[in-house]
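What follows is one structure encoded as structure tokens, with my remarks underneath.
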Amino acid sequence: MSRFFPLTVTRIKRDTRDSVIVTLAPLAGAQSDFSFIQGQYLTFRRVFDGEEMRRSYSICAGVNDKTLRVGIKKTEGGWFSSWANEELKVGDRLEAMKPMGNFYSALRPDDARRYLGFAGGSGITPMISLIKTVLEAEPKSTFTLVYGNRSTHAIMFREELEDLKNVHMGRFNIVHILESEAADIELFSGRLDRDKCEQLFTKWITVADTDLAFICGPEPMMLAVADALKAHGMDEAAIKFELFASAQPGRARKKAATGDVASRAALCSATIILDGAARVVEIAKGGQSVLEAALAASIDAPFACKAGVCSTCRAKLVEGEVDMEANYALEDYEVERGYILTCQSRPTTDRIVVDYDQ
Amino acid sequence: MADENDIFDYLSKGGKFSAPGNAPPRYRAELLRMMASFVDSEMAGAAGFADRINDGPGVKERIAASRIVLEKLDHAGRVMKIMGDFGANADRYQTVHPWAARLGRDEDLGAKRRAGDMRLNVFHYPMTGWTDSVVLNVMMGSATVLQIGDFVRCSYQPLGAAYREILPRERRHAELGEEGLRNLAARGDASRREISDSVDYWWPRVAATFGAPNSERTALLKRFGLRHRSNEDLLEEWRSRMSVILSGAHKAWGAPC
């Protein structure tokens, strides 16, 4: 369920010219809602000009750090990231879903494993969580991070990574690859592409000794690294991928209805029957789907794919009319009998009655 | 910001991801469809075999059948958990279809799915008794192993990882079936005729689970990195595996079926 919980901003630290690290605290008693696994992310929502935006940011903390932080790098035209970098203040309230994501492998405290991490730009954010957690929870394991950036100034978590190197002497190594700075050694300048990986894997890193690899960054970098790892004999199952946050498709929702006269005329009064109980919710015509409106009203309506495929959200339209965008699940005879996929249906009449129990 | 096409391009080149939030809607739909089909098939398969446990000739066979039922439900649960990451309400989902319900033995469903229940159509047909259920388990077991073998490489990594754990257990289910089939075949002519009738009945129905040749959907799934092998390729391998398994069972009792 897409439920959001409040978080209070307790600290904002400027990390680079265009990124901030935001520390967040759940409300008293809600800490357990935000316990997380290393490498997971938080999805925030915020309304900008009447449109709800959702953005996900990786948690940059070890699981035992007893803190919740996210690193937010400003992206061009990114409303949420610009707002977080320029306007967000300590004491502000944010709303986020519980931590999600699968960019991790189960910890094995007794094992001595060799980890390889590849981060490009803000792809470092989940890596921080992995590095901190693994080095603490698996005392015999080692972690090598290959971290690509444009320049030294763009390196997020630079000081913190140096500190980690000192704390875990000999168990944590970093290879910085800088695009626009000539390094003394040619190996460490340029882009983190297939050729660079080849050089690294022949001169610096032995892939055959590696147990697990984690990659997070822009898509071409991830493909290049994964291809190179596979070419050097790494099993595909041992390579974990995370597309970094800014590559996520937009999450802008249709505009929520406002209270003026024109929009009131465009509202549909929807009676939703579930488990024998009827509730009335207002839906903007051509706006939210029946399912979205039901969920927004905290009605526990059934759904799975939200894409018109699985039919879990099927209900009977008892009164009124809807426009059903996609239907990959209902047979013609079902549609004739009035069944709809509520995730795909938007009301077109002033009143509808939808029954999930039939 | 990268748009959907960038992500599809990334996926078509072998890229993978691990966060539900990264899935574009079209991808999400196909992924959910794949998962729903697997979950529904495991639920329906388990429900069908559960009814056959008491037909088992002895304790050993009943334990094997019980184990298959138990593990198939566990597999459904594992994939349903991943569906939950995409917002599925698992509690509701598991009761949404009557999993044990079957249609008439002679109805022809073709390849068309029925009313949102996403189980493979082979699981809509009833089994007639112990021998019939063993034959279906052998044939569909082998098909499942091939199909899951393809899913293991799927671009949504958590699902690939789940299938990697599921695969050896599904393989064991198929082996238990083959063991049962050899025992049944050794019982004599009447039993062998029963096996032969069941093989004839299930053969086209199991073959249909591989999907149509040159399927547009499979082409799309390949572009999304959700599938890697073609339906024809998988079907061909299943055919040759079946001929080895069935002729192996024939040899065990020494006479053609």
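Chain identifiers are assigned as A, B, and so on, following the order in which chains appear in the structure tokens; residues are numbered from 1 within each chain, and ligands are numbered from 1 in order of appearance.
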
Write out as an MDAnalysis selection string the residues lying within 9 Å of Gly104 (chain B), counting only C-alpha atoms and excluding same-chain residues fewer than 5 positions away.
-> chainID B and resid 124:126

Just need the residues of chain B within 9 Å of chain A, counting only C-alpha atoms, so spit them out as an NGL selection string.
-> :B and (1-4 or 6-7 or 10 or 13-26 or 28-33 or 36-37 or 83-90 or 92-93 or 96 or 113-118 or 152-153 or 157-158 or 160-161 or 164)

Using CA of Glu165 (chain B) and CA of Gly39 (chain A) as the two end points, give the distance in Å to one decimal.
->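 Those two atoms sit 21.6 Å apart.
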
Shell of 7 Å around region 50-56 of chain B, only C-alpha atoms, local chain residues under 6 positions omitted, as a PDB file with C-alpha atoms, in the first residue's frame:
```
ATOM      1  CA  ARG B  62       1.631 -39.263  -0.474  1.00  0.00           C
ATOM      2  CA  ALA B  65       2.681 -35.224  -3.316  1.00  0.00           C
ATOM      3  CA  SER B  66       2.380 -33.335  -0.018  1.00  0.00           C
ATOM      4  CA  VAL B  69       1.905 -29.029  -2.681  1.00  0.00           C
ATOM      5  CA  GLY B 129      -6.728 -39.981 -10.606  1.00  0.00           C
ATOM      6  CA  TRP B 130      -3.279 -40.812  -9.301  1.00  0.00           C
TER       7      TRP B 130
END
```

For Ala294 (chain A), list every protein, DNA or RNA residue within 12 Å, evaluated using only C-alpha atoms, and leave out those in the same chain fewer than 2 positions away; present the list as number ranges by chain.
-> A: 269-274, 278-283, 288-292, 296-303, 313, 342-343, 345-346, 354-356

Could the residues in this selection be written to a file with N, CA and C atoms, as an mmCIF file, in the first residue's frame?
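result.cif written:
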```
data_model
loop_
_atom_site.group_PDB
_atom_site.id
_atom_site.type_symbol
_atom_site.label_atom_id
_atom_site.label_comp_id
_atom_site.auth_asym_id
_atom_site.auth_seq_id
_atom_site.Cartn_x
_atom_site.Cartn_y
_atom_site.Cartn_z
ATOM 1 N N SER A 269 -19.514 12.093 -7.910
ATOM 2 C CA SER A 269 -19.731 11.521 -6.593
ATOM 3 C C SER A 269 -19.763 9.997 -6.743
ATOM 4 N N ALA A 270 -18.758 9.345 -6.205
ATOM 5 C CA ALA A 270 -18.638 7.901 -6.413
ATOM 6 C C ALA A 270 -18.945 7.144 -5.130
ATOM 7 N N THR A 271 -19.909 6.242 -5.225
ATOM 8 C CA THR A 271 -20.197 5.365 -4.090
ATOM 9 C C THR A 271 -19.414 4.077 -4.286
ATOM 10 N N ILE A 272 -18.578 3.767 -3.312
ATOM 11 C CA ILE A 272 -17.719 2.585 -3.448
ATOM 12 C C ILE A 272 -18.108 1.568 -2.384
ATOM 13 N N ILE A 273 -18.488 0.406 -2.854
ATOM 14 C CA ILE A 273 -18.938 -0.639 -1.920
ATOM 15 C C ILE A 273 -17.846 -1.697 -1.806
ATOM 16 N N LEU A 274 -17.416 -1.952 -0.568
ATOM 17 C CA LEU A 274 -16.380 -2.965 -0.339
ATOM 18 C C LEU A 274 -16.664 -3.647 0.988
ATOM 19 N N ALA A 278 -20.586 0.851 2.230
ATOM 20 C CA ALA A 278 -20.567 1.823 1.134
ATOM 21 C C ALA A 278 -19.972 3.136 1.622
ATOM 22 N N ARG A 279 -19.070 3.704 0.815
ATOM 23 C CA ARG A 279 -18.488 5.008 1.145
ATOM 24 C C ARG A 279 -18.623 5.905 -0.078
ATOM 25 N N VAL A 280 -18.811 7.177 0.143
ATOM 26 C CA VAL A 280 -18.910 8.105 -0.984
ATOM 27 C C VAL A 280 -17.625 8.927 -1.059
ATOM 28 N N VAL A 281 -16.994 8.941 -2.229
ATOM 29 C CA VAL A 281 -15.807 9.782 -2.416
ATOM 30 C C VAL A 281 -16.019 10.649 -3.659
ATOM 31 N N GLU A 282 -15.369 11.776 -3.672
ATOM 32 C CA GLU A 282 -15.473 12.641 -4.849
ATOM 33 C C GLU A 282 -14.269 12.419 -5.749
ATOM 34 N N ILE A 283 -14.530 12.271 -7.024
ATOM 35 C CA ILE A 283 -13.441 12.046 -7.983
ATOM 36 C C ILE A 283 -13.544 13.102 -9.085
ATOM 37 N N GLN A 288 -8.372 11.313 -11.325
ATOM 38 C CA GLN A 288 -7.963 10.057 -10.705
ATOM 39 C C GLN A 288 -8.775 8.870 -11.229
ATOM 40 N N SER A 289 -8.185 7.697 -11.127
ATOM 41 C CA SER A 289 -8.949 6.496 -11.423
ATOM 42 C C SER A 289 -9.802 6.178 -10.196
ATOM 43 N N VAL A 290 -10.806 5.324 -10.394
ATOM 44 C CA VAL A 290 -11.673 4.927 -9.287
ATOM 45 C C VAL A 290 -10.824 4.291 -8.182
ATOM 46 N N LEU A 291 -9.856 3.469 -8.583
ATOM 47 C CA LEU A 291 -9.005 2.806 -7.588
ATOM 48 C C LEU A 291 -8.186 3.830 -6.797
ATOM 49 N N GLU A 292 -7.573 4.766 -7.531
ATOM 50 C CA GLU A 292 -6.760 5.784 -6.843
ATOM 51 C C GLU A 292 -7.608 6.577 -5.843
ATOM 52 N N ALA A 296 -7.033 6.679 -1.935
ATOM 53 C CA ALA A 296 -6.776 7.977 -1.304
ATOM 54 C C ALA A 296 -7.741 8.214 -0.149
ATOM 55 N N ALA A 297 -8.929 7.597 -0.233
ATOM 56 C CA ALA A 297 -9.910 7.749 0.835
ATOM 57 C C ALA A 297 -9.743 6.642 1.883
ATOM 58 N N SER A 298 -8.583 5.975 1.835
ATOM 59 C CA SER A 298 -8.255 4.909 2.794
ATOM 60 C C SER A 298 -9.206 3.717 2.723
ATOM 61 N N ILE A 299 -9.817 3.529 1.567
ATOM 62 C CA ILE A 299 -10.621 2.315 1.370
ATOM 63 C C ILE A 299 -9.653 1.225 0.935
ATOM 64 N N ASP A 300 -9.748 0.075 1.573
ATOM 65 C CA ASP A 300 -8.760 -0.984 1.347
ATOM 66 C C ASP A 300 -9.109 -1.776 0.080
ATOM 67 N N ALA A 301 -9.204 -1.082 -1.035
ATOM 68 C CA ALA A 301 -9.610 -1.735 -2.291
ATOM 69 C C ALA A 301 -8.503 -2.663 -2.797
ATOM 70 N N PRO A 302 -8.879 -3.794 -3.373
ATOM 71 C CA PRO A 302 -7.850 -4.742 -3.827
ATOM 72 C C PRO A 302 -7.207 -4.290 -5.139
ATOM 73 N N PHE A 303 -5.923 -4.464 -5.251
ATOM 74 C CA PHE A 303 -5.257 -4.179 -6.525
ATOM 75 C C PHE A 303 -3.906 -4.862 -6.540
ATOM 76 N N CYS A 313 -8.244 -5.699 -9.244
ATOM 77 C CA CYS A 313 -9.052 -4.528 -8.867
ATOM 78 C C CYS A 313 -10.420 -4.527 -9.538
ATOM 79 N N THR A 342 -10.880 -1.146 -11.968
ATOM 80 C CA THR A 342 -10.979 0.174 -11.333
ATOM 81 C C THR A 342 -9.677 0.972 -11.477
ATOM 82 N N CYS A 343 -8.544 0.266 -11.679
ATOM 83 C CA CYS A 343 -7.280 1.007 -11.823
ATOM 84 C C CYS A 343 -7.236 1.764 -13.143
ATOM 85 N N SER A 345 -10.167 2.929 -14.731
ATOM 86 C CA SER A 345 -11.461 3.567 -15.001
ATOM 87 C C SER A 345 -11.561 4.952 -14.392
ATOM 88 N N ARG A 346 -11.942 5.910 -15.240
ATOM 89 C CA ARG A 346 -12.137 7.281 -14.770
ATOM 90 C C ARG A 346 -13.584 7.667 -15.038
ATOM 91 N N VAL A 354 -19.840 1.807 -7.590
ATOM 92 C CA VAL A 354 -18.921 0.727 -7.933
ATOM 93 C C VAL A 354 -18.922 -0.291 -6.797
ATOM 94 N N ASP A 355 -19.135 -1.543 -7.142
ATOM 95 C CA ASP A 355 -19.256 -2.576 -6.109
ATOM 96 C C ASP A 355 -18.133 -3.609 -6.253
ATOM 97 N N TYR A 356 -17.239 -3.625 -5.288
ATOM 98 C CA TYR A 356 -16.135 -4.600 -5.327
ATOM 99 C C TYR A 356 -16.580 -5.996 -4.863
#
```

One-decimal distance in Å that lies between CA of Glu179 (chain B) and CA of Ala46 (chain B) =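 Separation between CA of Ala46 (chain B) and CA of Glu179 (chain B): 19.1 Å.
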
Excluding same-chain residues fewer than 6 positions from Ala213 (chain A), what lies within 6 Å of it counting only C-alpha atoms, as number ranges by chain?
-> A: 115-117, 239
